[in-house]
2 protein chains.
Amino acid sequence: MSDLTALLRSKGLRSTPHRRAVLHALAENPHVTAVEVAAAVGEQASGPGAVSELSRQGLYNVLEDLRRVGLVRSIEPAGSATLFELQHGDNHHHAVCRSCGAVQDVPCSVGSAPCLDAPGTGGFVADEAEVVWWGRCAACAAAGR
Amino acid sequence: MSDLTALLRSKGLRSTPHRRAVLHALAENPHVTAVEVAAAVGEQASGPGAVSELSRQGLYNVLEDLRRVGLVRSIEPAGSATLFELQHGDNHHHAVCRSCGAVQDVPCSVGSAPCLDAPGTGGFVADEAEVVWWGRCAACAAAGR
DNA sequence: CCCTACATTTGACTGTGTCCAACTATGAGA
DNA sequence: TCTCATAGTTGGACACAGTCAAATGTAGGG
């Protein structure tokens, strides 16, 4: 039984080729859109342990299932489609390049979630603080873009 | 010449009925979607100083023009359409209710933008930090939603 | 008053994601 | 090993937000 199978079972999900393929694809490509996940899964279709392509609906089902059990996180930077990444134990944030759109993980420097004080204003009860830094990635900054 | 006309002129934009109507609508309704802006502008169509409804394209053009000159800010909370609000001088963030979707302003407590230290990681040059708190608004928390 | 650059409209189109109903595979218990 | 309920998958239609391109209208300086 592969690691991925064990992982899925431990979360109460059946181990299916598509779910394993999506997890594998996300392990290799962080911060990808649903379309890119589909493409990566398609790649594996040609390799060993062949996986048939999965339908759009199937893809969203898999991603939602994995998200629900905490194996996958998604972010939606303004102006871009939903991006998916594996959920590690950490509570990190993201830096998005305005020029090329690249997304980079940023370790949370203030502690565990919510890692910023909740706004005291008006009785709002916060359970999560999401931070996105906007700017230029190293490559784009160097190229003067 | 109205205040709004003067404001638009000062930013180098022509003063048109639609632009004034959009500014007026945003002054009364913060954090609204493009569709809601259109509806609010439509309301004014029946009142005095009648404004004809504006097309979808016209609406996006107006919003983009106003955004470009700094009169309007937009935010895109995950799972919702772009929300627009007037740009005041301050650098505030937002708290979004998971239950009813209400958005509330949160004054930036850490200073001026970027109000959080830029990530030192890998040469990324940040020019803005965007923070969103997720949780329950006062009303929803009280109602146990 | 009249021109011209700027503003607006119209309608088709794209990308991303959801809904629904039918179909197929899986695996736990008999 | 068989059966069947449940979980998973598929395809097609659809909804929503936003964009593109080209034709038309208008604000405001001369």
# chains A, B, ... in the order shown; residues from 1 in each chain; ligands from 1
>>> interface_residues(of="chain A", to="chain D", cutoff="9 Å", atoms="only C-alpha atoms (C1' of nucleotides)", output="list of chain:residue names")
A:Arg14, A:Thr16, A:Leu54, A:Ser55, A:Gln57, A:Gly58
>>> interface_residues(of="chain A", to="chain C", cutoff="9 Å", atoms="only C-alpha atoms (C1' of nucleotides)", output="MDAnalysis selection string")
chainID A and resid 57 60 81:82
>>> write_last_selection(atoms="N, CA, C and O atoms", output="short mmCIF file (atom, residue, chain, number, x, y, z; two decimals), in the first residue's frame")
data_model
loop_
_atom_site.label_atom_id
_atom_site.label_comp_id
_atom_site.auth_asym_id
_atom_site.auth_seq_id
_atom_site.Cartn_x
_atom_site.Cartn_y
_atom_site.Cartn_z
N GLN A 57 -15.53 17.92 -13.66
CA GLN A 57 -16.29 17.71 -12.43
C GLN A 57 -15.53 16.83 -11.47
O GLN A 57 -15.47 17.09 -10.27
N TYR A 60 -12.79 18.82 -9.70
CA TYR A 60 -13.27 19.67 -8.62
C TYR A 60 -13.74 18.84 -7.44
O TYR A 60 -13.56 19.24 -6.29
N ALA A 81 -7.24 32.81 -10.79
CA ALA A 81 -8.13 31.70 -10.45
C ALA A 81 -7.67 31.09 -9.13
O ALA A 81 -6.58 31.40 -8.64
N THR A 82 -8.49 30.22 -8.58
CA THR A 82 -8.14 29.55 -7.33
C THR A 82 -6.86 28.73 -7.52
O THR A 82 -6.72 28.02 -8.50
#
>>> select_by_dssp(residues="stretch 9-114 of chain A", states="strand (DSSP E)", output="ChimeraX atom specification")
/A:32-33,72-75,83-86,93-97,103-106
>>> calpha_fit_rmsd(fixed="chain A", moving="chain B")
0.1 Å
>>> interface_residues(of="chain B", to="chain A", cutoff="12 Å", atoms="only C-alpha atoms", output="VMD selection string")
chain B and resid 74 to 83 92 to 99 102 to 110 113 to 142 144 to 145
>>> write_last_selection(atoms="C-alpha atoms", output="PDB file, in the first residue's frame")
ATOM      1  CA  SER B  74     -11.309  47.076  -4.864  1.00  0.00           C
ATOM      2  CA  ILE B  75     -10.958  43.884  -2.889  1.00  0.00           C
ATOM      3  CA  GLU B  76     -11.643  40.293  -3.876  1.00  0.00           C
ATOM      4  CA  PRO B  77     -12.375  38.086  -0.894  1.00  0.00           C
ATOM      5  CA  ALA B  78     -12.087  34.419  -1.823  1.00  0.00           C
ATOM      6  CA  GLY B  79     -15.355  33.068  -3.101  1.00  0.00           C
ATOM      7  CA  SER B  80     -16.925  36.431  -3.808  1.00  0.00           C
ATOM      8  CA  ALA B  81     -16.960  38.834  -6.707  1.00  0.00           C
ATOM      9  CA  THR B  82     -14.821  41.955  -6.679  1.00  0.00           C
ATOM     10  CA  LEU B  83     -16.042  44.481  -4.118  1.00  0.00           C
ATOM     11  CA  HIS B  92      -7.297  49.808   6.314  1.00  0.00           C
ATOM     12  CA  HIS B  93      -7.933  46.086   5.971  1.00  0.00           C
ATOM     13  CA  HIS B  94     -11.063  43.984   6.021  1.00  0.00           C
ATOM     14  CA  ALA B  95     -12.902  41.430   8.116  1.00  0.00           C
ATOM     15  CA  VAL B  96     -15.225  39.092   6.238  1.00  0.00           C
ATOM     16  CA  CYS B  97     -18.056  37.162   7.868  1.00  0.00           C
ATOM     17  CA  ARG B  98     -18.064  33.512   6.802  1.00  0.00           C
ATOM     18  CA  SER B  99     -21.749  33.282   7.506  1.00  0.00           C
ATOM     19  CA  ALA B 102     -20.589  41.069   5.361  1.00  0.00           C
ATOM     20  CA  VAL B 103     -17.377  43.023   5.050  1.00  0.00           C
ATOM     21  CA  GLN B 104     -16.163  45.369   7.730  1.00  0.00           C
ATOM     22  CA  ASP B 105     -13.294  47.832   7.700  1.00  0.00           C
ATOM     23  CA  VAL B 106     -10.441  47.272  10.115  1.00  0.00           C
ATOM     24  CA  PRO B 107      -8.069  50.155  10.723  1.00  0.00           C
ATOM     25  CA  CYS B 108      -4.474  49.187  10.154  1.00  0.00           C
ATOM     26  CA  SER B 109      -2.950  48.995  13.595  1.00  0.00           C
ATOM     27  CA  VAL B 110       0.647  48.559  12.615  1.00  0.00           C
ATOM     28  CA  ALA B 113       1.586  50.532   4.094  1.00  0.00           C
ATOM     29  CA  PRO B 114       3.086  48.061   3.854  1.00  0.00           C
ATOM     30  CA  CYS B 115       1.942  47.641   7.403  1.00  0.00           C
ATOM     31  CA  LEU B 116       3.642  44.318   7.921  1.00  0.00           C
ATOM     32  CA  ASP B 117       7.257  43.544   7.443  1.00  0.00           C
ATOM     33  CA  ALA B 118       8.011  42.410   3.959  1.00  0.00           C
ATOM     34  CA  PRO B 119       9.062  38.808   3.751  1.00  0.00           C
ATOM     35  CA  GLY B 120      12.816  38.669   3.646  1.00  0.00           C
ATOM     36  CA  THR B 121      12.592  35.439   1.741  1.00  0.00           C
ATOM     37  CA  GLY B 122      14.448  35.133  -1.514  1.00  0.00           C
ATOM     38  CA  GLY B 123      14.635  38.719  -2.686  1.00  0.00           C
ATOM     39  CA  PHE B 124      10.925  39.350  -2.954  1.00  0.00           C
ATOM     40  CA  VAL B 125      10.236  43.093  -2.904  1.00  0.00           C
ATOM     41  CA  ALA B 126       6.854  43.784  -1.337  1.00  0.00           C
ATOM     42  CA  ASP B 127       5.040  47.066  -1.810  1.00  0.00           C
ATOM     43  CA  GLU B 128       1.769  46.181  -0.148  1.00  0.00           C
ATOM     44  CA  ALA B 129       0.476  43.850   2.509  1.00  0.00           C
ATOM     45  CA  GLU B 130      -3.142  42.855   2.314  1.00  0.00           C
ATOM     46  CA  VAL B 131      -4.827  41.346   5.332  1.00  0.00           C
ATOM     47  CA  VAL B 132      -8.208  39.664   5.521  1.00  0.00           C
ATOM     48  CA  TRP B 133      -9.690  38.362   8.731  1.00  0.00           C
ATOM     49  CA  TRP B 134     -12.218  35.559   8.443  1.00  0.00           C
ATOM     50  CA  GLY B 135     -14.765  34.839  11.127  1.00  0.00           C
ATOM     51  CA  ARG B 136     -18.236  35.836  12.275  1.00  0.00           C
ATOM     52  CA  CYS B 137     -19.627  39.295  12.347  1.00  0.00           C
ATOM     53  CA  ALA B 138     -21.247  40.480  15.574  1.00  0.00           C
ATOM     54  CA  ALA B 139     -24.768  39.715  14.357  1.00  0.00           C
ATOM     55  CA  CYS B 140     -23.987  36.203  13.137  1.00  0.00           C
ATOM     56  CA  ALA B 141     -21.937  35.365  16.222  1.00  0.00           C
ATOM     57  CA  ALA B 142     -24.817  36.450  18.436  1.00  0.00           C
ATOM     58  CA  GLY B 144     -24.965  31.335  16.748  1.00  0.00           C
ATOM     59  CA  ARG B 145     -24.485  30.924  13.018  1.00  0.00           C
TER      60      ARG B 145
END
>>> atom_distance(atom1="atom CA of B:Leu66", atom2="atom CA of B:Glu43")
20.4 Å
>>> atom_distance(atom1="atom CA of A:Ser10", atom2="atom CA of A:Val32")
25.0 Å
>>> select_by_dssp(residues="chain B", states="alpha helix (DSSP H)", output="VMD selection string")
chain B and resid 3 to 10 17 to 28 34 to 46 56 to 68 138 to 142
>>> atom_distance(atom1="atom CA of A:Val35", atom2="atom CA of A:Asp90")
25.8 Å
>>> closest_residue(among="B:Leu63, B:Leu26, B:Ala21, B:Leu7", to="B:Gln44", atoms="only C-alpha atoms")
B:Ala21
>>> decode(residues="chain D", atoms="C-alpha atoms (C1' of nucleotides)", output="PDB file, in the first residue's frame")
ATOM      1  C1'  DT D   1     -17.333 -15.552  -4.225  1.00  0.00           C
ATOM      2  C1'  DC D   2     -21.553 -12.890  -4.865  1.00  0.00           C
ATOM      3  C1'  DT D   3     -24.406  -8.951  -4.067  1.00  0.00           C
ATOM      4  C1'  DC D   4     -25.711  -4.507  -3.477  1.00  0.00           C
ATOM      5  C1'  DA D   5     -25.505  -0.099  -1.199  1.00  0.00           C
ATOM      6  C1'  DT D   6     -22.421   3.527  -1.303  1.00  0.00           C
ATOM      7  C1'  DA D   7     -18.854   6.204  -3.209  1.00  0.00           C
ATOM      8  C1'  DG D   8     -16.910   7.896  -7.167  1.00  0.00           C
ATOM      9  C1'  DT D   9     -17.084   9.481 -12.091  1.00  0.00           C
ATOM     10  C1'  DT D  10     -18.814  11.361 -16.348  1.00  0.00           C
ATOM     11  C1'  DG D  11     -20.886  14.532 -19.802  1.00  0.00           C
ATOM     12  C1'  DG D  12     -23.637  18.229 -20.851  1.00  0.00           C
ATOM     13  C1'  DA D  13     -25.986  22.304 -19.786  1.00  0.00           C
ATOM     14  C1'  DC D  14     -25.674  26.275 -17.287  1.00  0.00           C
ATOM     15  C1'  DA D  15     -24.401  30.562 -14.381  1.00  0.00           C
ATOM     16  C1'  DC D  16     -21.580  34.276 -13.310  1.00  0.00           C
ATOM     17  C1'  DA D  17     -18.025  37.779 -13.657  1.00  0.00           C
ATOM     18  C1'  DG D  18     -15.432  39.965 -16.499  1.00  0.00           C
ATOM     19  C1'  DT D  19     -13.172  41.210 -21.327  1.00  0.00           C
ATOM     20  C1'  DC D  20     -12.719  42.509 -26.347  1.00  0.00           C
ATOM     21  C1'  DA D  21     -13.670  45.067 -30.458  1.00  0.00           C
ATOM     22  C1'  DA D  22     -16.022  48.237 -33.097  1.00  0.00           C
ATOM     23  C1'  DA D  23     -19.645  51.588 -33.666  1.00  0.00           C
ATOM     24  C1'  DT D  24     -21.809  55.678 -31.597  1.00  0.00           C
ATOM     25  C1'  DG D  25     -22.366  59.593 -28.481  1.00  0.00           C
ATOM     26  C1'  DT D  26     -20.798  63.665 -25.814  1.00  0.00           C
ATOM     27  C1'  DA D  27     -17.894  66.961 -22.768  1.00  0.00           C
ATOM     28  C1'  DG D  28     -15.558  70.819 -22.878  1.00  0.00           C
ATOM     29  C1'  DG D  29     -11.503  73.523 -24.869  1.00  0.00           C
ATOM     30  C1'  DG D  30     -10.770  76.508 -28.764  1.00  0.00           C
TER      31       DG D  30
END
